[in-house]
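Structure data (mmCIF, C-alpha atoms) from my_file_12.cif:
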```
data_structure
#
loop_
_atom_site.group_PDB
_atom_site.id
_atom_site.type_symbol
_atom_site.label_atom_id
_atom_site.label_comp_id
_atom_site.auth_asym_id
_atom_site.auth_seq_id
_atom_site.Cartn_x
_atom_site.Cartn_y
_atom_site.Cartn_z
ATOM 1 C CA MET U 1 7.613 16.388 -18.481
ATOM 2 C CA SER U 2 9.410 19.588 -17.538
ATOM 3 C CA ASN U 3 9.904 20.601 -13.925
ATOM 4 C CA SER U 4 7.758 23.693 -14.549
ATOM 5 C CA ALA U 5 4.835 21.559 -15.692
ATOM 6 C CA ILE U 6 5.253 19.199 -12.739
ATOM 7 C CA VAL U 7 5.392 22.010 -10.199
ATOM 8 C CA LEU U 8 2.321 23.575 -11.872
ATOM 9 C CA ILE U 9 0.389 20.339 -11.306
ATOM 10 C CA GLY U 10 1.750 20.288 -7.760
ATOM 11 C CA ARG U 11 0.507 23.858 -7.221
ATOM 12 C CA ILE U 12 -2.948 22.981 -8.551
ATOM 13 C CA LEU U 13 -3.222 19.948 -6.248
ATOM 14 C CA LEU U 14 -1.858 21.903 -3.257
ATOM 15 C CA SER U 15 -4.178 24.867 -3.790
ATOM 16 C CA ILE U 16 -7.528 23.025 -4.020
ATOM 17 C CA ILE U 17 -7.773 22.260 -0.297
ATOM 18 C CA PHE U 18 -7.095 25.863 0.729
ATOM 19 C CA ILE U 19 -9.385 27.451 -1.866
ATOM 20 C CA MET U 20 -12.229 25.077 -0.983
ATOM 21 C CA SER U 21 -11.853 25.332 2.763
ATOM 22 C CA GLY U 22 -11.231 29.095 2.734
ATOM 23 C CA PHE U 23 -14.318 29.626 0.603
ATOM 24 C CA GLY U 24 -16.290 27.220 2.799
ATOM 25 C CA LYS U 25 -15.289 29.102 5.963
ATOM 26 C CA LEU U 26 -16.166 32.518 4.529
ATOM 27 C CA ALA U 27 -19.464 31.273 3.075
ATOM 28 C CA ALA U 28 -20.544 29.974 6.499
ATOM 29 C CA LEU U 29 -18.885 32.414 8.869
ATOM 30 C CA GLY U 30 -21.390 31.811 11.672
ATOM 31 C CA GLY U 31 -20.698 28.068 11.670
ATOM 32 C CA THR U 32 -16.937 28.598 11.355
ATOM 33 C CA ALA U 33 -16.909 31.052 14.271
ATOM 34 C CA GLY U 34 -19.012 28.635 16.338
ATOM 35 C CA TYR U 35 -16.511 25.820 15.628
ATOM 36 C CA PHE U 36 -13.552 28.062 16.501
ATOM 37 C CA GLY U 37 -15.315 29.109 19.701
ATOM 38 C CA SER U 38 -15.800 25.441 20.620
ATOM 39 C CA LEU U 39 -12.033 24.938 20.189
ATOM 40 C CA GLY U 40 -11.484 27.760 22.704
ATOM 41 C CA LEU U 41 -10.048 30.292 20.235
ATOM 42 C CA PRO U 42 -10.364 33.974 21.214
ATOM 43 C CA ALA U 43 -12.379 36.407 19.041
ATOM 44 C CA PRO U 44 -13.757 33.504 16.978
ATOM 45 C CA MET U 45 -15.544 35.643 14.357
ATOM 46 C CA LEU U 46 -12.421 37.720 13.653
ATOM 47 C CA VAL U 47 -10.257 34.591 13.512
ATOM 48 C CA ALA U 48 -12.796 32.923 11.195
ATOM 49 C CA ILE U 49 -12.619 35.858 8.753
ATOM 50 C CA LEU U 50 -8.801 36.055 8.867
ATOM 51 C CA VAL U 51 -8.292 32.300 8.499
ATOM 52 C CA GLY U 52 -10.846 32.097 5.673
ATOM 53 C CA LEU U 53 -9.111 34.947 3.827
ATOM 54 C CA LEU U 54 -5.644 33.471 4.425
ATOM 55 C CA GLU U 55 -6.715 30.116 3.016
ATOM 56 C CA LEU U 56 -8.665 31.508 0.052
ATOM 57 C CA VAL U 57 -6.169 34.204 -0.973
ATOM 58 C CA GLY U 58 -3.124 32.043 -0.179
ATOM 59 C CA GLY U 59 -4.600 29.140 -2.143
ATOM 60 C CA LEU U 60 -5.361 31.343 -5.177
ATOM 61 C CA ALA U 61 -1.848 32.834 -5.002
ATOM 62 C CA ILE U 62 -0.305 29.351 -5.112
ATOM 63 C CA LEU U 63 -2.616 28.294 -7.941
ATOM 64 C CA PHE U 64 -1.650 31.273 -10.100
ATOM 65 C CA GLY U 65 1.962 31.428 -8.943
ATOM 66 C CA VAL U 66 1.989 34.953 -7.577
ATOM 67 C CA PHE U 67 3.616 35.747 -4.217
ATOM 68 C CA THR U 68 4.155 31.995 -4.134
ATOM 69 C CA ARG U 69 6.935 31.973 -1.538
ATOM 70 C CA TYR U 70 5.146 34.189 0.999
ATOM 71 C CA SER U 71 1.885 32.333 0.489
ATOM 72 C CA ALA U 72 3.505 28.915 0.850
ATOM 73 C CA TYR U 73 5.378 29.863 4.030
ATOM 74 C CA ALA U 74 2.226 31.434 5.517
ATOM 75 C CA LEU U 75 0.052 28.425 4.682
ATOM 76 C CA ALA U 76 2.741 26.033 6.005
ATOM 77 C CA ALA U 77 2.679 27.853 9.345
ATOM 78 C CA PHE U 78 -1.130 27.760 9.248
ATOM 79 C CA CYS U 79 -1.133 23.973 8.640
ATOM 80 C CA ILE U 80 1.113 23.366 11.644
ATOM 81 C CA ALA U 81 -0.882 25.748 13.867
ATOM 82 C CA SER U 82 -4.252 24.315 12.816
ATOM 83 C CA GLY U 83 -2.901 20.787 13.309
ATOM 84 C CA LEU U 84 -1.789 21.647 16.838
ATOM 85 C CA ILE U 85 -5.159 23.257 17.626
ATOM 86 C CA ALA U 86 -7.596 20.906 15.912
ATOM 87 C CA HIS U 87 -5.799 17.528 16.004
ATOM 88 C CA ALA U 88 -4.045 17.741 19.373
ATOM 89 C CA ASN U 89 -5.494 14.662 21.113
ATOM 90 C CA TRP U 90 -2.654 12.245 20.349
ATOM 91 C CA ALA U 91 -4.176 9.465 22.443
ATOM 92 C CA ASP U 92 -6.525 9.080 19.452
ATOM 93 C CA MET U 93 -4.700 7.440 16.509
ATOM 94 C CA MET U 94 -6.993 9.149 13.970
ATOM 95 C CA GLN U 95 -5.898 12.529 15.335
ATOM 96 C CA VAL U 96 -2.234 11.526 15.127
ATOM 97 C CA ILE U 97 -2.765 10.603 11.470
ATOM 98 C CA GLN U 98 -4.585 13.890 10.757
ATOM 99 C CA PHE U 99 -1.875 15.855 12.549
ATOM 100 C CA GLN U 100 0.852 14.098 10.557
ATOM 101 C CA LYS U 101 -1.034 14.839 7.343
ATOM 102 C CA ASN U 102 -1.080 18.513 8.291
ATOM 103 C CA LEU U 103 2.687 18.322 8.849
ATOM 104 C CA ALA U 104 3.166 16.613 5.475
ATOM 105 C CA LEU U 105 1.115 19.341 3.815
ATOM 106 C CA ALA U 106 3.270 21.975 5.533
ATOM 107 C CA GLY U 107 6.360 20.105 4.328
ATOM 108 C CA GLY U 108 5.153 20.206 0.725
ATOM 109 C CA LEU U 109 4.496 23.926 1.052
ATOM 110 C CA LEU U 110 8.031 24.474 2.407
ATOM 111 C CA VAL U 111 9.449 22.663 -0.629
ATOM 112 C CA LEU U 112 7.274 24.822 -2.901
ATOM 113 C CA ALA U 113 8.451 27.959 -1.085
ATOM 114 C CA ALA U 114 12.070 26.896 -1.581
ATOM 115 C CA PHE U 115 11.662 25.905 -5.239
ATOM 116 C CA GLY U 116 9.332 28.729 -6.281
ATOM 117 C CA PRO U 117 6.376 28.525 -8.687
ATOM 118 C CA GLY U 118 8.326 27.566 -11.816
ATOM 119 C CA ALA U 119 8.067 29.076 -15.283
ATOM 120 C CA ILE U 120 4.318 28.534 -15.741
ATOM 121 C CA SER U 121 3.186 31.218 -13.310
ATOM 122 C CA VAL U 122 2.082 34.826 -13.103
ATOM 123 C CA ALA U 123 5.403 35.681 -11.454
ATOM 124 C CA ALA U 124 7.374 34.299 -14.414
ATOM 125 C CA ARG U 125 5.125 36.088 -16.967
ATOM 126 C CA ARG U 126 5.768 39.404 -15.267
ATOM 127 C CA ALA U 127 9.513 38.923 -14.997
ATOM 128 C CA MET M 1 21.440 27.456 2.114
ATOM 129 C CA VAL M 2 18.045 28.717 3.362
ATOM 130 C CA LYS M 3 16.547 26.887 0.406
ATOM 131 C CA ASP M 4 18.345 23.632 1.276
ATOM 132 C CA VAL M 5 17.233 23.857 4.911
ATOM 133 C CA ALA M 6 13.620 24.560 3.883
ATOM 134 C CA ILE M 7 13.629 21.503 1.605
ATOM 135 C CA LEU M 8 15.244 19.364 4.334
ATOM 136 C CA VAL M 9 12.561 20.404 6.848
ATOM 137 C CA GLY M 10 9.932 19.790 4.169
ATOM 138 C CA ARG M 11 11.324 16.276 3.551
ATOM 139 C CA LEU M 12 11.315 15.590 7.294
ATOM 140 C CA LEU M 13 7.677 16.695 7.654
ATOM 141 C CA ILE M 14 6.447 14.806 4.570
ATOM 142 C CA SER M 15 8.332 11.599 5.374
ATOM 143 C CA GLY M 16 6.963 11.348 8.931
ATOM 144 C CA MET M 17 3.449 10.284 7.924
ATOM 145 C CA PHE M 18 4.671 7.615 5.496
ATOM 146 C CA ILE M 19 7.300 6.184 7.858
ATOM 147 C CA ARG M 20 4.795 6.028 10.731
ATOM 148 C CA ALA M 21 2.090 4.526 8.513
ATOM 149 C CA GLY M 22 4.536 1.956 7.123
ATOM 150 C CA LEU M 23 5.739 0.914 10.581
ATOM 151 C CA ALA M 24 2.182 0.816 11.946
ATOM 152 C CA GLY M 25 1.127 -1.306 8.973
ATOM 153 C CA LEU M 26 3.971 -3.793 9.437
ATOM 154 C CA ALA M 27 3.117 -4.014 13.151
ATOM 155 C CA ASP M 28 -0.527 -4.817 12.343
ATOM 156 C CA ILE M 29 -0.672 -6.594 8.988
ATOM 157 C CA ALA M 30 -3.884 -8.380 10.003
ATOM 158 C CA GLY M 31 -5.597 -5.073 10.786
ATOM 159 C CA ILE M 32 -4.511 -3.479 7.492
ATOM 160 C CA THR M 33 -5.555 -6.610 5.602
ATOM 161 C CA GLY M 34 -8.993 -6.402 7.228
ATOM 162 C CA TYR M 35 -9.284 -2.750 6.208
ATOM 163 C CA PHE M 36 -8.299 -3.577 2.613
ATOM 164 C CA VAL M 37 -10.947 -6.329 2.559
ATOM 165 C CA ARG M 38 -13.572 -3.779 3.678
ATOM 166 C CA VAL M 39 -12.633 -1.278 0.937
ATOM 167 C CA GLY M 40 -12.672 -4.100 -1.621
ATOM 168 C CA LEU M 41 -8.997 -4.320 -2.670
ATOM 169 C CA PRO M 42 -7.881 -7.521 -4.397
ATOM 170 C CA PHE M 43 -5.103 -9.593 -2.728
ATOM 171 C CA PRO M 44 -5.595 -7.720 0.570
ATOM 172 C CA ALA M 45 -2.801 -9.481 2.517
ATOM 173 C CA LEU M 46 -0.284 -8.938 -0.277
ATOM 174 C CA ALA M 47 -1.441 -5.326 -0.587
ATOM 175 C CA ALA M 48 -1.035 -4.829 3.178
ATOM 176 C CA TRP M 49 2.597 -6.022 3.061
ATOM 177 C CA GLY M 50 3.295 -4.173 -0.179
ATOM 178 C CA THR M 51 1.870 -0.802 0.823
ATOM 179 C CA SER M 52 3.421 -0.894 4.308
ATOM 180 C CA LEU M 53 6.894 -1.800 3.015
ATOM 181 C CA PHE M 54 6.563 0.762 0.222
ATOM 182 C CA GLU M 55 5.504 3.569 2.581
ATOM 183 C CA LEU M 56 8.354 2.787 4.986
ATOM 184 C CA ALA M 57 11.026 2.487 2.286
ATOM 185 C CA ALA M 58 9.919 5.464 0.202
ATOM 186 C CA GLY M 59 9.424 7.575 3.349
ATOM 187 C CA ALA M 60 12.957 6.720 4.487
ATOM 188 C CA CYS M 61 14.242 7.692 1.011
ATOM 189 C CA LEU M 62 12.597 11.129 1.317
ATOM 190 C CA LEU M 63 14.066 11.601 4.780
ATOM 191 C CA ALA M 64 17.586 10.646 3.699
ATOM 192 C CA GLY M 65 17.310 12.390 0.342
ATOM 193 C CA PHE M 66 18.127 9.142 -1.471
ATOM 194 C CA LYS M 67 16.540 8.536 -4.901
ATOM 195 C CA THR M 68 14.402 11.491 -3.859
ATOM 196 C CA ARG M 69 12.669 12.266 -7.149
ATOM 197 C CA MET M 70 11.686 8.652 -7.768
ATOM 198 C CA ALA M 71 10.446 8.277 -4.178
ATOM 199 C CA ALA M 72 8.503 11.570 -4.317
ATOM 200 C CA TRP M 73 6.803 10.761 -7.606
ATOM 201 C CA THR M 74 5.828 7.223 -6.648
ATOM 202 C CA LEU M 75 4.532 8.435 -3.269
ATOM 203 C CA ALA M 76 2.519 11.137 -5.077
ATOM 204 C CA GLY M 77 0.887 8.436 -7.210
ATOM 205 C CA PHE M 78 0.346 6.332 -4.094
ATOM 206 C CA ALA M 79 -1.274 9.251 -2.228
ATOM 207 C CA VAL M 80 -3.681 9.898 -5.122
ATOM 208 C CA ALA M 81 -4.562 6.193 -5.370
ATOM 209 C CA ALA M 82 -5.038 5.961 -1.593
ATOM 210 C CA ALA M 83 -7.223 9.083 -1.658
ATOM 211 C CA PHE M 84 -9.522 7.582 -4.308
ATOM 212 C CA ILE M 85 -9.653 4.117 -2.752
ATOM 213 C CA GLY M 86 -9.959 5.216 0.868
ATOM 214 C CA HIS M 87 -11.944 8.443 0.721
ATOM 215 C CA TYR M 88 -13.577 9.230 -2.639
ATOM 216 C CA GLY M 89 -17.367 9.149 -2.359
ATOM 217 C CA ARG M 90 -17.227 7.337 0.987
ATOM 218 C CA GLY M 91 -19.253 7.956 4.128
ATOM 219 C CA ASP M 92 -22.827 6.831 4.712
ATOM 220 C CA ASP M 93 -24.080 9.955 6.490
ATOM 221 C CA PRO M 94 -23.397 13.625 5.624
ATOM 222 C CA ALA M 95 -21.009 14.185 8.552
ATOM 223 C CA THR M 96 -18.851 11.157 7.703
ATOM 224 C CA ALA M 97 -18.991 11.991 3.998
ATOM 225 C CA PHE M 98 -17.728 15.510 4.803
ATOM 226 C CA LEU M 99 -14.783 14.085 6.782
ATOM 227 C CA HIS M 100 -13.931 11.722 3.901
ATOM 228 C CA MET M 101 -14.128 14.634 1.444
ATOM 229 C CA GLN M 102 -11.706 16.624 3.621
ATOM 230 C CA ALA M 103 -9.366 13.646 3.932
ATOM 231 C CA PHE M 104 -9.576 13.197 0.149
ATOM 232 C CA ILE M 105 -8.531 16.756 -0.708
ATOM 233 C CA LYS M 106 -5.827 16.677 1.988
ATOM 234 C CA ASP M 107 -4.298 13.554 0.415
ATOM 235 C CA ILE M 108 -4.498 15.226 -2.998
ATOM 236 C CA ALA M 109 -2.721 18.290 -1.578
ATOM 237 C CA ILE M 110 -0.005 16.076 -0.074
ATOM 238 C CA ALA M 111 0.461 14.559 -3.541
ATOM 239 C CA GLY M 112 0.874 18.118 -4.842
ATOM 240 C CA GLY M 113 3.635 18.768 -2.319
ATOM 241 C CA LEU M 114 5.345 15.526 -3.357
ATOM 242 C CA LEU M 115 5.227 16.650 -7.003
ATOM 243 C CA ALA M 116 6.890 19.911 -5.968
ATOM 244 C CA LEU M 117 9.571 17.881 -4.172
ATOM 245 C CA GLY M 118 10.045 15.717 -7.251
ATOM 246 C CA ALA M 119 10.519 18.865 -9.335
ATOM 247 C CA SER M 120 12.837 20.601 -6.879
ATOM 248 C CA GLY M 121 14.944 17.608 -5.888
ATOM 249 C CA PRO M 122 16.219 17.103 -2.331
ATOM 250 C CA GLY M 123 18.575 20.081 -2.098
ATOM 251 C CA ARG M 124 22.183 19.777 -0.974
ATOM 252 C CA LEU M 125 21.462 18.356 2.486
ATOM 253 C CA ALA M 126 20.836 14.875 1.100
ATOM 254 C CA LEU M 127 22.510 11.646 0.032
ATOM 255 C CA ASP M 128 21.589 12.294 -3.613
ATOM 256 C CA ARG M 129 24.181 14.220 -5.577
ATOM 257 C CA THR M 130 22.343 16.210 -8.208
#
```
Let me see the file written as C-alpha cells.
Amino acid sequence: MSNSAIVLIGRILLSIIFIMSGFGKLAALGGTAGYFGSLGLPAPMLVAILVGLLELVGGLAILFGVFTRYSAYALAAFCIASGLIAHANWADMMQVIQFQKNLALAGGLLVLAAFGPGAISVAARRA
Amino acid sequence: MVKDVAILVGRLLISGMFIRAGLAGLADIAGITGYFVRVGLPFPALAAWGTSLFELAAGACLLAGFKTRMAAWTLAGFAVAAAFIGHYGRGDDPATAFLHMQAFIKDIAIAGGLLALGASGPGRLALDRT
C-alpha cells in the first residue's frame, strides 16, 4: 500500500476522536462548561465553545487533509494541555496511563504535522 | 531539520506509553495474566509475557528509530486489537461504558498516529538509514 493511502487511514483514525468529542462538547455546552468549571478552568463556557470548535474543526481538517500541519500542531498542543489538566493526579495509575495516551496521541499528531497529509487530501488536489 | 525534530519528539511521546506498559507488565505478570483471564483471552500467561515483551521491544524501537516502520505498523495493529479486546462494548453502567468508549477511540487515534509514523519513517535523527 502506498504511503499516501496509509497516511490517509492514519488521518481517518486520528480524526475520529476529535470530531466526536468536539461535536459532543458543542452539543452539550452546559455539561461541558460545568465539567470545565469543576476542573477550575476560568470562563468555562467560553473555553467549552473554543475547545469544542478546535476539536471539531481541527479533526475535520485532518480528516480532509486541509491545513493539516496547523491543525495537527494545534491539536497536539491541546492533547498535552488537556492531559495536564484532566489527568494530572499521577498517584493514580489509571491517570498516568490516560496522560501517557494523550502524549502518544500528541506524538502521532507531531509526526503527521511533519509528514503532511499525503497525496490523498484536499491540499494535494488544490496544488 | 524541523521535520526531523518533530518526528523525533513524536517518537519519544508515542514510545513512552508502550515502554512503560511493557515494563509494568513484566513487573506484574500475575496481574496482567489475571486481567487477560477476566477479558477472556486464551493462553493468558503466555499473552501477558508476549504483549509485555512486545510493547517494551517495539516501544524501544520507536524511541531509537530502529526498524521504525515495522515497529510502528505492528504497534498500530496491536493498539487496534487492544482497543477492541479491552474497551469495545465494555462497561456495565452508562458512565463506565462512556469511559470505555473514550478509551476505545483514543486507542484507535493512537493507531492512526502510528500509521502516520509508519508512512513517514523515523526521520534523520534515528538509527535507521532510509
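Using all atoms listed in the file, the nearest neighbour of Tyr73 of chain U within the list M:Asp4, M:Leu125, M:Gly10, M:Leu53 is M:Gly10.
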(request) For atom CA of Ile14 of chain M and atom CA of Gly65 of chain U, quote the distance in Å rounded to one decimal. (result)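 The value is 21.9 Å.
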(message) Once the PyMOL selection byres ((chain M and resi 66) around 12) is applied to the coordinates I shared, what remains selected? I want it as a list in words.
(response)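 Applied to this file, the PyMOL selection byres ((chain M and resi 66) around 12) selects Arg11, Ala57, Ala58, Gly59, Ala60, Cys61, Leu62, Leu63, Ala64, Gly65, Lys67, Thr68, Arg69, Met70, Ala71, Ala72, Gly118, Gly121, Pro122, Gly123, Arg124, Leu125, Ala126, Leu127, Asp128, Arg129 and Thr130 of chain M.
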(request) Pick out the closest residue to chain U from this set: M:Ile108, M:Ala27, M:Ile32, M:Ala83. Count all atoms listed in the file. (result)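 Smallest distance to chain U is found for M:Ile108.
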(request) Identify, on the basis of all atoms listed in the file, every residue whose closest approach to Leu115 of chain M does not exceed 8 Å; exclude the query and any residue fewer than 5 positions from it along the same chain; express the result as number ranges by chain. (result) U: 6-7, 9-10; M: 72-73, 76
(request) Please determine the contact residues of chain U with respect to chain M at a cut-off of 7 Å, counting only C-alpha atoms, and supply them as number ranges by chain. (result) U: 3, 6-7, 9-11, 13-14, 17, 100-101, 103-105, 107-112, 114-115
(request) For the file shown, report as a ChimeraX atom specification the outcome of the PyMOL selection byres ((chain U and resi 46-61) around 7) at residue level. (result) /U:15,18-19,22-23,25-26,29,32-33,43-45,62-68,71,75
With all atoms listed in the file as the counted atoms, please give the residues lying no more than 8 Å from Val39 of chain M, apart from itself and same-chain residues fewer than 3 positions off, as a PDB file with C-alpha atoms, in the frame of the given file.
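Produced file around16.pdb, reproduced below:
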```pdb
ATOM      1  CA  TYR M  35      -9.284  -2.750   6.208  1.00  0.00           C
ATOM      2  CA  PHE M  36      -8.299  -3.577   2.613  1.00  0.00           C
ATOM      3  CA  ILE M  85      -9.653   4.117  -2.752  1.00  0.00           C
ATOM      4  CA  GLY M  86      -9.959   5.216   0.868  1.00  0.00           C
TER       5      GLY M  86
END
```
(request) Tell me, in Å to one decimal, how far atom CA of Pro94 of chain M is from atom CA of Ala86 of chain U. (result)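 Interatomic distance, atom CA of Pro94 of chain M to atom CA of Ala86 of chain U: 20.2 Å.
One distance worth recording is that between atom CA of Gly34 of chain U and atom CA of Leu84 of chain U, which is 18.6 Å.
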(message) If the PyMOL selection byres ((chain U and resi 79) around 8) were run on this exact file, what residues would it hold? Put them as a ChimeraX atom specification.
(response) /U:75-78,80-83,102-103,105-106
(request) Compare U:Ala5, U:Gly118, U:Ile85, U:Ala74 by their minimum atom-to-atom distance to Gly37 of chain U, counting all atoms listed in the file, and give me the closest one. (result)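 Looking only at the distances to Gly37 of chain U, the closest residue turns out to be U:Ile85.
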